[in-house]
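So this block is work.txt, compact mmCIF, C-alpha atoms:
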# COMPACT_ATOMS: atom_id res chain seq x y z
CA MET A 1 70.31 97.66 48.94
CA LEU A 2 73.46 98.12 51.05
CA LYS A 3 71.69 100.77 53.11
CA HIS A 4 68.84 98.41 53.99
CA PHE A 5 71.31 95.66 54.87
CA ALA A 6 73.29 98.01 57.13
CA ARG A 7 70.11 99.12 58.91
CA TRP A 8 69.02 95.48 59.42
CA ARG A 9 72.46 94.56 60.85
CA LEU A 10 72.44 97.55 63.18
CA GLY A 11 68.96 96.62 64.44
CA SER A 12 69.99 93.03 65.10
CA GLN A 13 73.03 94.16 67.07
CA LEU A 14 70.90 96.51 69.16
CA LEU A 15 68.50 93.67 69.92
CA LYS A 16 71.37 91.42 70.99
CA GLY A 17 72.78 94.12 73.16
CA SER A 18 69.43 94.74 74.83
CA ALA A 19 68.95 91.03 75.44
CA ALA A 20 72.31 90.60 77.18
CA PRO A 21 71.50 92.59 80.36
CA VAL A 22 68.19 90.76 80.65
CA ARG A 23 70.06 87.48 80.69
CA GLN A 24 72.48 88.82 83.25
CA ALA A 25 69.59 90.04 85.35
CA SER A 26 67.98 86.66 85.17
CA LYS A 27 71.24 85.05 86.24
CA THR A 28 71.58 87.38 89.18
CA SER A 29 67.99 86.85 90.21
CA GLY A 30 68.54 83.10 90.00
CA ALA A 31 71.63 83.42 92.19
CA GLU A 32 69.69 85.47 94.71
CA ASN A 33 66.94 82.86 94.80
CA SER A 34 69.50 80.12 95.35
CA LEU A 35 71.03 82.06 98.20
CA ALA A 36 67.61 82.60 99.68
CA GLY A 37 66.99 78.84 99.55
CA THR A 38 64.01 78.92 97.19
CA GLU A 39 65.09 77.26 93.93
CA GLU A 40 62.73 77.59 90.97
CA PRO A 41 62.77 74.69 88.49
CA GLN A 42 64.16 75.66 85.11
CA LYS A 43 61.72 75.30 82.22
CA LYS A 44 62.97 72.90 79.53
CA PHE A 45 61.67 72.71 76.02
CA VAL A 46 59.83 69.44 75.43
CA ASN A 47 58.79 68.26 71.99
CA PRO A 48 55.17 67.09 72.33
CA PHE A 49 55.45 64.82 69.27
CA SER A 50 58.43 62.89 70.65
CA GLN A 51 56.67 62.00 73.88
CA PRO A 52 54.29 59.03 74.12
CA ALA A 53 50.63 59.72 74.61
CA PRO A 54 49.70 59.97 78.29
CA ALA A 55 48.02 56.88 79.62
CA LEU A 56 44.39 57.41 80.54
CA SER A 57 43.34 56.42 84.00
CA ASN A 58 40.49 54.06 84.73
CA ASP A 59 38.37 56.96 85.97
CA THR A 60 38.49 58.70 82.57
CA ILE A 61 37.95 55.48 80.57
CA SER A 62 35.14 53.97 82.56
CA GLU A 63 31.66 55.36 82.17
CA THR A 64 28.36 54.33 83.63
CA LYS A 65 25.69 52.55 81.66
CA GLU A 66 23.42 55.60 81.77
CA GLU A 67 26.12 57.83 80.28
CA ARG A 68 26.83 55.25 77.60
CA ASP A 69 23.13 54.97 76.67
CA LYS A 70 22.81 58.74 76.61
CA ARG A 71 25.82 59.09 74.31
CA LEU A 72 24.46 56.29 72.10
CA LYS A 73 21.13 58.10 71.72
CA VAL A 74 22.97 61.29 70.74
CA LEU A 75 24.97 59.41 68.09
CA GLN A 76 21.83 57.74 66.77
CA LEU A 77 20.14 61.12 66.49
CA GLU A 78 23.19 62.48 64.67
CA ALA A 79 23.12 59.59 62.18
CA ASP A 80 19.36 59.92 61.65
CA ILE A 81 19.58 63.66 60.94
CA ALA A 82 22.48 63.16 58.53
CA HIS A 83 20.51 60.43 56.72
CA GLN A 84 17.45 62.67 56.39
CA GLU A 85 19.63 65.47 54.98
CA GLY A 86 20.71 63.13 52.18
CA ARG A 87 24.28 62.55 53.27
CA ARG A 88 26.21 59.30 52.84
CA VAL A 89 24.81 57.75 56.00
CA PRO A 90 22.69 54.56 56.07
CA ALA A 91 19.28 54.36 57.68
CA LEU A 92 18.96 53.42 61.33
CA GLU A 93 17.44 50.06 60.40
CA PHE A 94 20.74 49.05 58.79
CA PHE A 95 22.82 49.48 61.95
CA LYS A 96 23.53 46.42 64.09
CA ASP A 97 24.77 46.22 67.66
CA HIS A 98 28.40 45.69 66.64
CA HIS A 99 28.17 48.79 64.40
CA TRP A 100 27.12 50.99 67.32
CA GLU A 101 29.81 49.47 69.54
CA HIS A 102 32.40 50.49 66.98
CA VAL A 103 30.87 53.97 66.62
CA LEU A 104 31.15 54.48 70.39
CA THR A 105 34.89 53.83 70.22
CA LEU A 106 35.54 56.43 67.49
CA PRO A 107 37.15 59.56 69.00
CA THR A 108 36.24 62.28 66.47
CA LYS A 109 33.35 63.29 64.26
CA SER A 110 35.40 62.92 61.08
CA ALA A 111 36.10 59.28 61.98
CA ARG A 112 32.35 58.72 62.46
CA ILE A 113 31.60 60.33 59.09
CA LYS A 114 34.10 58.01 57.35
CA TYR A 115 32.64 54.96 59.06
CA PHE A 116 29.08 56.03 58.17
CA ALA A 117 30.16 56.44 54.52
CA TYR A 118 31.66 52.94 54.58
CA LEU A 119 28.40 51.48 55.93
CA TRP A 120 26.42 53.50 53.38
CA GLN A 121 28.40 51.88 50.54
CA ILE A 122 27.63 48.44 51.96
CA GLU A 123 23.92 49.33 52.17
CA MET A 124 23.86 50.59 48.58
CA LYS A 125 25.55 47.42 47.37
CA LYS A 126 23.02 45.26 49.19
CA GLU A 127 20.13 47.22 47.72
CA ALA A 128 21.62 46.86 44.22
CA ASP A 129 22.01 43.11 44.74
CA GLN A 130 18.39 42.86 45.88
CA ARG A 131 17.20 44.71 42.80
CA LYS A 132 19.22 42.42 40.52
CA LYS A 133 17.86 39.41 42.36
CA ALA A 134 14.28 40.62 41.88
CA VAL A 135 14.90 41.13 38.13
CA ARG A 136 16.36 37.63 37.83
CA ALA A 137 13.38 36.19 39.71
CA GLU A 138 10.97 37.87 37.29
CA GLU A 139 12.90 36.54 34.30
CA THR A 140 12.91 33.05 35.81
CA GLU A 141 9.14 33.14 36.38
CA ARG A 142 8.55 34.29 32.80
CA ARG A 143 10.83 31.58 31.41
CA VAL A 144 9.15 28.88 33.53
CA ALA A 145 5.72 30.04 32.38
CA GLU A 146 6.79 29.85 28.73
CA MET A 147 8.26 26.39 29.29
CA ARG A 148 5.06 25.14 30.92
CA LYS A 149 3.00 26.54 28.06
CA GLU A 150 5.28 24.83 25.53
CA ARG A 151 5.01 21.53 27.39
CA ALA A 152 1.22 21.79 27.46
CA GLU A 153 1.08 22.31 23.71
CA ASN A 154 3.66 19.59 22.88
CA THR A 155 2.47 16.03 23.43
CA HIS A 156 5.80 14.35 22.61
CA ILE A 157 8.54 13.42 25.08
CA ILE A 158 11.18 16.12 25.48
CA TYR A 159 14.71 15.02 26.28
CA GLY A 160 17.38 17.18 27.86
CA LEU A 161 18.31 18.91 31.09
CA GLY A 162 15.16 19.90 32.93
CA HIS A 163 13.18 17.34 30.94
CA THR A 164 13.38 13.58 30.57
CA SER A 165 17.05 12.84 31.22
CA LEU A 166 19.39 10.11 32.41
CA PHE A 167 21.20 12.50 34.77
CA LEU A 168 20.15 13.28 38.31
CA ARG A 169 20.27 16.79 39.66
CA ILE A 170 22.61 17.26 42.61
CA TYR A 171 21.57 20.10 44.89
CA ASP A 172 23.90 22.37 46.86
CA THR A 173 22.68 20.94 50.16
CA THR A 174 23.74 17.47 49.01
CA ILE A 175 27.23 18.72 48.18
CA ASN A 176 27.44 20.50 51.56
CA HIS A 177 26.45 17.32 53.39
CA TRP A 178 29.03 15.34 51.43
CA GLN A 179 31.82 17.83 52.19
CA ASN A 180 30.85 17.96 55.87
CA ASN A 181 30.94 14.18 55.97
CA ARG A 182 34.46 14.32 54.52
CA LEU A 183 35.49 16.68 57.34
CA THR A 184 33.93 14.33 59.88
CA ARG A 185 36.01 11.49 58.45
CA ALA A 186 39.10 13.71 58.62
CA MET A 187 38.47 14.28 62.35
CA GLN A 188 38.87 10.55 62.87
CA PHE A 189 41.77 9.64 60.58
CA ALA A 190 43.48 12.72 59.07
CA PRO A 191 46.51 14.50 60.58
CA LYS A 192 45.79 17.52 62.72
CA MET A 193 46.65 21.17 62.21
CA VAL A 194 46.20 24.10 64.59
CA LEU A 195 45.32 27.75 63.99
CA ASP A 196 46.38 29.89 66.96
CA CYS A 197 43.76 32.64 67.48
CA SER A 198 45.44 34.38 70.43
CA TYR A 199 46.72 37.48 68.61
CA ASP A 200 43.58 39.59 68.75
CA GLU A 201 45.10 42.18 71.08
CA HIS A 202 47.96 42.80 68.63
CA MET A 203 45.66 43.69 65.70
CA ASN A 204 43.45 46.68 64.99
CA ASN A 205 39.86 46.41 63.81
CA ARG A 206 40.72 46.14 60.12
CA GLU A 207 43.40 43.50 60.67
CA ALA A 208 41.04 41.51 62.90
CA THR A 209 38.40 41.56 60.15
CA TYR A 210 40.96 40.41 57.56
CA ALA A 211 42.11 37.63 59.90
CA ALA A 212 38.50 36.45 60.35
CA LYS A 213 37.99 36.34 56.58
CA GLN A 214 41.18 34.36 56.11
CA LEU A 215 40.09 31.91 58.81
CA MET A 216 36.83 31.42 56.91
CA LEU A 217 38.77 30.80 53.69
CA CYS A 218 40.98 28.30 55.53
CA PHE A 219 37.92 26.32 56.57
CA ALA A 220 36.36 26.48 53.08
CA GLU A 221 39.47 25.48 51.12
CA ASN A 222 40.35 22.73 53.59
CA ARG A 223 36.82 21.35 53.22
CA MET A 224 37.03 21.37 49.41
CA ASN A 225 40.28 19.40 49.38
CA ASP A 226 40.19 15.66 48.72
CA GLU A 227 42.34 14.90 51.78
CA PRO A 228 41.59 17.68 54.30
CA PHE A 229 43.29 18.38 57.61
CA ASP A 230 41.64 18.06 60.99
CA LEU A 231 41.67 21.80 61.72
CA HIS A 232 41.59 23.04 65.33
CA TYR A 233 40.94 26.68 66.19
CA CYS A 234 42.69 27.07 69.56
CA ASN A 235 42.66 30.05 71.97
CA ALA A 236 39.37 31.11 70.37
CA GLN A 237 37.68 33.64 72.63
CA MET A 238 34.23 34.24 71.19
CA ASP A 239 34.01 37.77 72.63
CA SER A 240 37.09 38.93 70.70
CA ARG A 241 36.81 41.03 67.55
CA CYS A 242 38.30 38.40 65.27
CA MET A 243 36.02 35.58 66.41
CA GLN A 244 32.93 37.81 66.29
CA SER A 245 33.70 38.61 62.65
CA PHE A 246 34.38 34.92 62.02
CA GLN A 247 30.98 34.08 63.51
CA ARG A 248 29.34 36.55 61.13
CA TYR A 249 31.02 34.81 58.19
CA ILE A 250 29.95 31.33 59.37
CA PRO A 251 26.82 31.69 61.55
CA THR A 252 26.43 27.90 62.03
CA ILE A 253 29.71 27.28 63.86
CA HIS A 254 27.91 26.66 67.17
CA ASN A 255 25.57 24.03 65.74
CA PRO A 256 26.40 20.60 67.20
CA GLU A 257 26.38 18.92 63.77
CA PHE A 258 28.73 21.44 62.15
CA PRO A 259 32.22 19.89 61.63
CA ILE A 260 34.49 22.51 63.21
CA ASN A 261 36.79 22.36 66.23
CA LEU A 262 36.70 25.50 68.38
CA HIS A 263 38.71 25.48 71.63
CA SER A 264 39.10 28.21 74.20
CA LYS A 265 42.08 26.32 75.64
CA CYS A 266 45.66 26.45 74.46
CA PHE A 267 46.97 23.77 72.12
CA THR A 268 49.52 22.69 74.73
CA GLU A 269 46.62 21.48 76.88
CA LEU A 270 45.02 19.50 74.03
CA PHE A 271 47.94 17.80 72.28
CA PRO A 272 51.27 16.31 73.41
CA LYS A 273 53.95 18.96 73.52
CA GLN A 274 56.62 16.86 71.79
CA ASN A 275 54.49 16.65 68.61
CA LEU A 276 53.84 20.40 68.24
CA VAL A 277 55.76 22.42 65.62
CA TYR A 278 55.14 26.16 65.38
CA LEU A 279 55.45 27.55 61.83
CA THR A 280 56.93 31.03 62.13
CA PRO A 281 58.84 33.02 59.46
CA HIS A 282 61.20 34.51 62.09
CA CYS A 283 63.07 31.32 63.00
CA ARG A 284 66.21 30.00 61.27
CA GLU A 285 65.33 26.34 60.75
CA ASP A 286 63.64 25.34 57.48
CA LEU A 287 60.91 22.73 57.22
CA VAL A 288 62.53 20.07 55.02
CA THR A 289 59.87 17.34 54.83
CA TYR A 290 56.32 16.91 56.02
CA ASN A 291 55.91 14.60 59.02
CA PRO A 292 52.33 13.29 59.48
CA ASP A 293 53.01 12.59 63.16
CA ASP A 294 53.72 16.25 63.90
CA ILE A 295 51.01 18.81 64.56
CA TYR A 296 51.81 22.08 62.80
CA ILE A 297 50.64 25.40 64.26
CA VAL A 298 49.98 28.58 62.26
CA GLY A 299 49.50 31.92 63.99
CA ALA A 300 46.19 33.49 62.96
CA MET A 301 47.46 37.05 62.73
CA VAL A 302 47.45 39.73 60.03
CA ASP A 303 50.47 41.95 60.66
CA THR A 304 50.22 44.75 58.14
CA MET A 305 51.32 47.32 60.74
CA ASN A 306 53.03 45.29 63.47
CA ASN A 307 55.97 43.21 62.22
CA GLU A 308 57.24 42.06 65.59
CA PRO A 309 58.18 38.35 65.93
CA LEU A 310 55.26 37.53 68.20
CA SER A 311 54.90 33.92 67.04
CA LEU A 312 58.62 33.30 67.60
CA ALA A 313 58.40 34.73 71.12
CA LYS A 314 55.36 32.61 71.95
CA ALA A 315 56.97 29.42 70.64
CA LYS A 316 60.09 30.09 72.73
CA ARG A 317 58.01 30.88 75.78
CA LEU A 318 56.11 27.60 75.45
CA GLY A 319 59.25 25.61 74.61
CA LEU A 320 58.02 24.31 71.25
CA ARG A 321 59.88 23.32 68.12
CA MET A 322 59.90 25.91 65.35
CA ALA A 323 60.23 25.80 61.58
CA ARG A 324 59.68 28.03 58.59
CA LEU A 325 58.82 27.39 54.97
CA PRO A 326 61.90 27.15 52.69
CA LEU A 327 60.83 30.08 50.56
CA ASP A 328 64.34 31.40 49.83
CA ARG A 329 65.54 27.98 48.73
CA TYR A 330 62.86 27.40 46.08
CA LEU A 331 61.75 30.93 45.14
CA GLN A 332 63.41 34.16 44.11
CA TRP A 333 61.55 37.09 45.57
CA SER A 334 61.10 40.30 43.66
CA SER A 335 62.30 43.58 45.10
CA GLY A 336 59.77 45.40 47.25
CA SER A 337 57.53 42.40 47.90
CA GLY A 338 57.19 41.03 51.41
CA LYS A 339 57.48 37.37 52.27
CA SER A 340 54.24 37.32 54.22
CA LEU A 341 51.57 34.81 53.19
CA THR A 342 47.90 34.69 54.07
CA LEU A 343 46.46 31.97 56.26
CA ASN A 344 44.57 30.26 53.44
CA GLN A 345 47.75 30.21 51.33
CA MET A 346 49.55 28.50 54.21
CA ILE A 347 46.80 25.88 54.46
CA ASN A 348 46.93 25.23 50.70
CA ILE A 349 50.71 24.87 50.79
CA MET A 350 50.55 22.38 53.66
CA LEU A 351 47.74 20.42 51.94
CA ASP A 352 49.75 20.03 48.73
CA LEU A 353 52.91 19.24 50.67
CA LYS A 354 51.06 16.51 52.56
CA LYS A 355 49.70 15.07 49.33
CA THR A 356 52.74 15.28 47.02
CA GLY A 357 55.76 15.86 49.27
CA ASP A 358 57.13 18.22 46.59
CA TRP A 359 57.94 21.79 47.57
CA ASP A 360 57.87 22.99 43.95
CA ALA A 361 54.26 21.84 43.61
CA ALA A 362 53.28 23.12 47.06
CA LEU A 363 54.76 26.61 46.64
CA LYS A 364 52.68 27.26 43.52
CA HIS A 365 50.15 28.85 45.85
CA VAL A 366 52.56 31.74 46.46
CA PRO A 367 51.31 34.72 44.39
CA ARG A 368 53.26 35.12 41.16
CA ARG A 369 53.50 38.88 41.66
CA LYS A 370 55.90 38.30 44.57
CA VAL A 371 58.24 35.96 42.71
CA VAL A 372 60.82 36.65 40.01
CA GLN A 373 60.78 33.89 37.42
CA ASN A 374 64.14 32.67 36.18
CA GLU A 375 65.21 33.30 32.61
CA PHE A 376 64.86 29.70 31.44
CA GLN A 377 61.30 29.33 32.75
CA HIS A 378 60.27 32.70 31.33
CA ARG A 379 61.74 31.80 27.92
CA ARG A 380 60.04 28.40 27.94
CA GLU A 381 56.65 29.93 28.75
CA LYS A 382 57.17 32.59 26.09
CA ASP A 383 58.10 30.00 23.44
CA HIS A 384 55.11 27.88 24.39
CA TRP A 385 52.80 30.88 24.09
CA SER A 386 54.28 31.95 20.72
CA THR A 387 54.03 28.40 19.37
CA GLY A 388 50.38 28.24 20.33
CA THR A 389 49.77 31.61 18.71
CA ARG A 390 51.35 30.50 15.43
CA ALA A 391 49.41 27.23 15.50
CA ARG A 392 46.17 29.12 15.97
CA LYS A 393 46.97 31.30 12.96
CA LEU A 394 47.56 28.35 10.63
CA ASN A 395 44.60 26.80 8.86
CA ILE A 396 45.92 23.46 7.66
CA ARG A 397 43.68 21.30 5.51
CA ILE A 398 44.51 17.58 5.34
CA ASP A 399 41.26 16.18 4.01
CA HIS A 400 42.41 16.38 0.40
CA LEU A 401 45.69 14.59 1.14
CA LEU A 402 43.82 11.31 1.49
CA ASP A 403 42.26 11.64 -1.97
CA PHE A 404 45.57 11.79 -3.86
CA ASP A 405 47.27 8.61 -2.82
CA GLU A 406 48.54 7.93 -6.34
CA ASP A 407 50.48 11.17 -6.61
CA ARG A 408 51.62 12.60 -3.30
CA ARG A 409 53.91 15.10 -4.96
CA GLN A 410 50.97 17.12 -6.19
CA ALA A 411 49.34 17.41 -2.76
CA THR A 412 50.00 20.40 -0.54
CA SER A 413 49.04 21.06 3.06
CA PHE A 414 47.47 24.45 2.63
CA ALA A 415 45.28 24.14 -0.46
CA THR A 416 43.84 21.64 -2.86
CA PRO A 417 46.42 20.43 -5.45
CA GLN A 418 46.34 22.17 -8.80
CA LYS A 419 46.78 20.42 -12.14
CA VAL A 420 50.07 20.60 -14.01
CA ARG A 421 50.22 23.96 -15.82
CA GLN A 422 49.97 23.55 -19.62
CA ARG A 423 51.14 25.84 -22.39
CA ARG A 424 48.46 28.22 -23.65
CA GLU A 425 48.06 29.72 -27.13
CA GLY A 426 48.90 33.37 -27.62
CA LEU A 427 51.48 33.58 -24.86
CA GLU A 428 54.57 33.87 -27.10
CA PHE A 429 57.02 36.57 -26.15
CA GLN A 430 56.97 39.61 -28.46
CA LEU A 431 59.75 42.13 -28.09
CA ASP A 432 58.02 45.02 -29.89
CA THR A 433 55.02 45.02 -27.55
CA TRP A 434 56.91 44.24 -24.37
CA ALA A 435 56.55 46.84 -21.59
CA THR A 436 54.33 49.09 -23.75
CA GLY A 437 50.93 47.96 -22.62
CA LYS A 438 49.75 47.21 -26.16
CA GLN A 439 49.39 43.51 -25.51
CA LYS A 440 47.09 44.17 -22.54
CA LYS A 441 44.95 46.53 -24.63
CA LYS A 442 44.58 43.90 -27.34
CA GLN A 443 43.57 41.29 -24.79
CA ARG A 444 40.99 43.65 -23.34
CA GLN A 445 39.55 44.43 -26.81
CA ASN A 446 39.30 40.73 -27.65
Please render this file's structure as structure tokens.
Amino acid sequence: MLKHFARWRLGSQLLKGSAAPVRQASKTSGAENSLAGTEEPQKKFVNPFSQPAPALSNDTISETKEERDKRLKVLQLEADIAHQEGRRVPALEFFKDHHWEHVLTLPTKSARIKYFAYLWQIEMKKEADQRKKAVRAEETERRVAEMRKERAENTHIIYGLGHTSLFLRIYDTTINHWQNNRLTRAMQFAPKMVLDCSYDEHMNNREATYAAKQLMLCFAENRMNDEPFDLHYCNAQMDSRCMQSFQRYIPTIHNPEFPINLHSKCFTELFPKQNLVYLTPHCREDLVTYNPDDIYIVGAMVDTMNNEPLSLAKAKRLGLRMARLPLDRYLQWSSGSGKSLTLNQMINIMLDLKKTGDWDAALKHVPRRKVVQNEFQHRREKDHWSTGTRARKLNIRIDHLLDFDEDRRQATSFATPQKVRQRREGLEFQLDTWATGKQKKKQRQN
């Protein structure tokens, strides 16, 4: 072992010694070049991962329409061949224009394969839903046929739902018209609230889709409330990714009779600036009470990757008042959970705050998984649950208590009262047969 180590050390020293004159030669050659006036730039080691990605010029990004159509046909052929081979790729009839636009932006083949698999899962789910719907339709037709046959055979009046009844059936369209009418009334008399849709460039495709879904939920939950807000979607550019997804969720937003406020302008051009209050979690001032004269603004952004204070910067740039929800004052957050709330949760909190004025009631819309309950509340809920469990286990009978008014001492709560025990014959104590089992044998023989 020592011999091998000595040989390795000798070889390393020889290598160092041979490298030294090369360095000296390089230094002398560099000096000669400097004397000659031709300086060669020294090569520095650059870490490629620490440098930002080089910006692409407009010549490399831009492509003609013919090249784009040609590349689209190649991608369509690739998807069609993969579908015919039985891979997780949907049929060409499933693809829409926005699907192909997203496919054209994907840089690699593996990204396209993942996106095709995602669309294939959506297609399979739709086909399964259609099959279930067809089965339900067949069962409904069979049930209706049996009901008609029963009605034809029965000559008497049948009462109940679906038959002769005092109740009127309310259809879904009637409920939709009633809720839309409530939103129309809110446009005239209710306080206003703004959703700022100008953060599309700061979100990726997934975040833009999530933001569009939350905007749809904001509209739906505000419409279902008894006292809704007059919601205004400001800075809404219909060619952006978020608004295109929002239009797919609610296709009737451009109908003139649909009660929604979409504005391409900024909210500073629509409302007086002194009444605007931007709700941002990055400011230091808490919102103490709800003021119906103020117009509160919520930034329509999903920031799962980008946590920069963009709403704070925009409010400062526009010179608006800012406020945040007093979450730390009323809630105790659990470790590892962020203080970010979805847009529909913000709308629900503001709706309850407007109605009750109580922060404890309004902040119930914060998910319980993010909050640590105090010991007293946890103990009270646990005691309430255990009391209910014990009450469910008891089977108390009180019907017999009313039948023994003359002698309440004999009545019990768990069973019917027994008569007073009387002395029986043959039960005298006998010492010679005690603990021998003879008395039991005699009783059995008798």
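Each of A:Asp328, A:Asp303, A:Asp239, A:Asp129 was compared to Tyr199 in chain A using only C-alpha atoms, and A:Asp303 turns out to be the nearest.
Using all atoms listed in the file, the shortest contact distance between Pro251 in chain A and any of A:Met216, A:Ala208, A:Ala79, A:Glu66 is found at A:Met216.
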Rows by chain and residue number, range 309-362 of chain A within 12 Å of range 264-275 of chain A, shortest pair, only C-alpha atoms, as a tab-separated table:
residue	atom	partner	partner_atom	distance
A:Lys314	CA	A:Cys266	CA	11.8
A:Ala315	CA	A:Thr268	CA	10.8
A:Arg317	CA	A:Thr268	CA	11.8
A:Leu318	CA	A:Thr268	CA	8.2
A:Gly319	CA	A:Lys273	CA	8.6
A:Leu320	CA	A:Lys273	CA	7.1
A:Arg321	CA	A:Gln274	CA	8.1
A:Met322	CA	A:Asn275	CA	11.2
> For Val302 in chain A, which of A:Arg151, A:Arg206, A:Arg68, A:Arg182 is the closest residue, counting all atoms listed in the file?
Replying inline: A:Arg206
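When all atoms listed in the file are used to compute distances to Ile295 in chain A, the closest of the residues A:Leu363, A:Leu231, A:Ile349, A:Ile175 turns out to be A:Leu231.
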> What is the CA of Thr184 in chain A-CA of Asn344 in chain A distance in Å, reported with one decimal?
Replying inline: 20.2 Å
> Near range 233-237 of chain A, counting all atoms listed in the file, which residues have an atom at most 12 Å away, once you skip same-chain residues fewer than 5 positions from it, shown as a PyMOL selection string?
Replying inline: chain A and resi 192-201+212+215-216+218-219+242-247+253+259-271+297-300
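For His102 in chain A, the non-local neighbours within 10 Å, defined as residues at least 6 positions apart in the same chain or in other chains and counting all atoms listed in the file, are Arg112, Tyr115 and Asn205 of chain A.
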>> Rounded to one decimal, what separation in Å do you get between CA of Leu279 in chain A and CA of Asp230 in chain A?
In response: 16.8 Å
> Separation of CA of His98 in chain A and CA of Glu257 in chain A, in Å?
Replying inline: 27.0 Å
> What would the list of residues within 12 Å of (31.5, 17.4, 56.1) (file frame) look like as a ChimeraX atom specification, if all atoms listed in the file are what count?
Replying inline: /A:173-187,219-220,222-230,257-260
> Around (62.4, 26.0, 54.7) in the file's own coordinates, what residues are found within 6 Å if you use all atoms listed in the file, given back as a PyMOL selection string?
Replying inline: chain A and resi 286-288+324-326
